[in-house]
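A.B. asks: Have a look at this one.
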Amino acid sequence: MTGTKTILARILFALYLAAIALLCFMNVDKLPQIQKEILGFPTDKIAHFIMFLPFPILAYLAYDHVTNKVWSCFLFALLAMVAGTAVAFLTEYVQGMLSYRTRDLFDFKADLLALGISTLFVFIVDISNLKNRNKQQ
């Protein structure tokens, strides 16, 4: 069953990455206008935050691993953060090359904030799972 769960998680992760690409690279000029701010925060920054929040969680599920040491939990969290940062950087870089999109450092910062929060969550869950496995042995 674990093999099936891993395959499904990897498919979900791939679909998530495709959705990120679609949202970041599509031409939004033809979409209806939305409000510029929500609770005082720019709507596009909230969208970037929400888009990148699931990245470490989905990576954790897709690359189902059983860590047996604290350092491997930390290493996985670090790799998830680095991979997410690379995806966020590449999306902003490519947006700067598109005539109908712009590169925005604040979008990248919103992406990094979401990745940082989510990575911390994944690290805590991974450490907790490690401690539970050690108690059962």
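By convention in this document, the chains of the structure tokens carry letters A, B, ... by their order, each chain's residues are numbered from 1, and ligands are numbered from 1 in the order they are shown.
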Tell me, as number ranges by chain, which residues lie within 7 Å of region 18-26 of chain A, counting only C-alpha atoms; anything in the same chain fewer than 2 positions away does not count.
C.D. replies: A: 14-16, 28, 51, 91, 95
A.B. asks: Keeping N, CA, C and O atoms, export the residues of the selection given above as an mmCIF file, in the first residue's frame.
C.D. replies:
```
data_model
loop_
_atom_site.group_PDB
_atom_site.id
_atom_site.type_symbol
_atom_site.label_atom_id
_atom_site.label_comp_id
_atom_site.auth_asym_id
_atom_site.auth_seq_id
_atom_site.Cartn_x
_atom_site.Cartn_y
_atom_site.Cartn_z
ATOM 1 N N ALA A 14 3.363 16.411 -8.989
ATOM 2 C CA ALA A 14 3.584 16.816 -10.383
ATOM 3 C C ALA A 14 2.439 17.714 -10.867
ATOM 4 O O ALA A 14 2.682 18.723 -11.547
ATOM 5 N N LEU A 15 1.207 17.356 -10.519
ATOM 6 C CA LEU A 15 0.061 18.195 -10.891
ATOM 7 C C LEU A 15 0.134 19.561 -10.211
ATOM 8 O O LEU A 15 -0.193 20.587 -10.819
ATOM 9 N N TYR A 16 0.580 19.573 -8.982
ATOM 10 C CA TYR A 16 0.767 20.832 -8.255
ATOM 11 C C TYR A 16 1.800 21.711 -8.968
ATOM 12 O O TYR A 16 1.574 22.912 -9.167
ATOM 13 N N VAL A 28 -2.795 36.960 -17.660
ATOM 14 C CA VAL A 28 -3.918 37.302 -16.794
ATOM 15 C C VAL A 28 -4.670 38.537 -17.268
ATOM 16 O O VAL A 28 -5.664 38.922 -16.660
ATOM 17 N N MET A 51 0.111 29.796 -3.064
ATOM 18 C CA MET A 51 0.631 28.861 -4.081
ATOM 19 C C MET A 51 1.816 28.065 -3.573
ATOM 20 O O MET A 51 1.956 26.884 -3.888
ATOM 21 N N THR A 91 10.287 30.816 -11.417
ATOM 22 C CA THR A 91 9.017 31.378 -11.879
ATOM 23 C C THR A 91 9.117 32.890 -12.020
ATOM 24 O O THR A 91 8.648 33.453 -13.005
ATOM 25 N N GLN A 95 8.932 34.937 -15.526
ATOM 26 C CA GLN A 95 7.921 35.983 -15.642
ATOM 27 C C GLN A 95 8.537 37.284 -16.151
ATOM 28 O O GLN A 95 7.907 38.007 -16.917
#
```
A.B. asks: Please provide the set of residues having any atom within 9 Å of Leu115 (chain A), restricted to only C-alpha atoms, with same-chain residues fewer than 4 positions apart removed, written as a VMD selection string.
C.D. replies: chain A and resid 49 52 to 56 80 to 81 84 to 85 110 to 111 119 to 120
A.B. asks: What residues in region 25-130 of chain A get the DSSP label strand (DSSP E)? Please answer as a PyMOL selection string.
C.D. replies: chain A and resi 37-38+41-42
A.B. asks: Identify, on the basis of only C-alpha atoms, every residue whose closest approach to Asp44 (chain A) does not exceed 9 Å; exclude the query and any residue fewer than 6 positions from it along the same chain; express the result as a PyMOL selection string.
C.D. replies: chain A and resi 36-37+107
A.B. asks: For the selection just defined, write its residues with N, CA, C and O atoms to a file, as a short mmCIF file (atom, residue, chain, number, x, y, z; two decimals), in the first residue's frame.
C.D. replies:
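Result file out-v1.cif:
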```cif
data_model
loop_
_atom_site.label_atom_id
_atom_site.label_comp_id
_atom_site.auth_asym_id
_atom_site.auth_seq_id
_atom_site.Cartn_x
_atom_site.Cartn_y
_atom_site.Cartn_z
N LYS A 36 -7.83 44.66 -5.36
CA LYS A 36 -6.37 44.83 -5.26
C LYS A 36 -5.80 44.38 -3.92
O LYS A 36 -4.65 44.00 -3.84
N GLU A 37 -6.61 44.46 -2.86
CA GLU A 37 -6.13 44.11 -1.53
C GLU A 37 -7.15 43.28 -0.78
O GLU A 37 -8.36 43.43 -0.99
N ASP A 107 6.92 39.34 -4.75
CA ASP A 107 6.29 38.04 -5.00
C ASP A 107 7.22 36.94 -4.51
O ASP A 107 6.79 35.98 -3.86
#
```
A.B. asks: Would you kindly return, as a PDB file with N, CA and C atoms, in the first residue's frame, each protein, DNA or RNA residue with an atom no farther than 7 Å from any atom of Thr67 (chain A), considering only C-alpha atoms and excluding same-chain residues fewer than 4 positions away?
C.D. replies:
```pdb
ATOM      1  N   SER A  72      18.862  13.760   9.446  1.00  0.00           N
ATOM      2  CA  SER A  72      18.214  13.463   8.162  1.00  0.00           C
ATOM      3  C   SER A  72      16.880  14.197   8.046  1.00  0.00           C
ATOM      4  N   CYS A  73      16.190  14.424   9.168  1.00  0.00           N
ATOM      5  CA  CYS A  73      14.978  15.261   9.156  1.00  0.00           C
ATOM      6  C   CYS A  73      15.344  16.684   8.737  1.00  0.00           C
ATOM      7  N   LEU A 130       9.614  10.733  13.984  1.00  0.00           N
ATOM      8  CA  LEU A 130      10.842  10.038  14.379  1.00  0.00           C
ATOM      9  C   LEU A 130      10.788   9.652  15.861  1.00  0.00           C
TER      10      LEU A 130
END
```
A.B. asks: Report, in Å to a single decimal, how far apart CA of Phe13 (chain A) and CA of Ala62 (chain A) are.
C.D. replies: 6.5 Å
A.B. asks: Would you give me, as an MDAnalysis selection string, the residues in chain A that DSSP reads as alpha helix (DSSP H)?
C.D. replies: chainID A and resid 2:25 43:52 55:62 70:97 105:136
A.B. asks: For a test of reading the model, state the distance in Å between CA of Ala77 (chain A) and CA of Phe123 (chain A), rounded to one decimal.
C.D. replies: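 We find that CA of Ala77 (chain A) and CA of Phe123 (chain A) lie 5.7 Å from each other.
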A.B. asks: With distances taken over only C-alpha atoms, which residue among A:Ile117, A:Val87, A:Val125, A:Leu112 lies nearest Lys45 (chain A)?
C.D. replies: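 Ranked by minimum distance to Lys45 (chain A), first place goes to A:Leu112.
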A.B. asks: Interatomic distance between CA of Arg10 (chain A) and CA of Gln136 (chain A)?
C.D. replies: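 Between these atoms lies a distance of 28.3 Å.
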A.B. asks: Pick out the closest residue to Gly116 (chain A) from this set: A:Ser128, A:Tyr93, A:Ile57, A:Arg101. Count only C-alpha atoms.
C.D. replies: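 Closest residue, counting only C-alpha atoms: A:Ile57.
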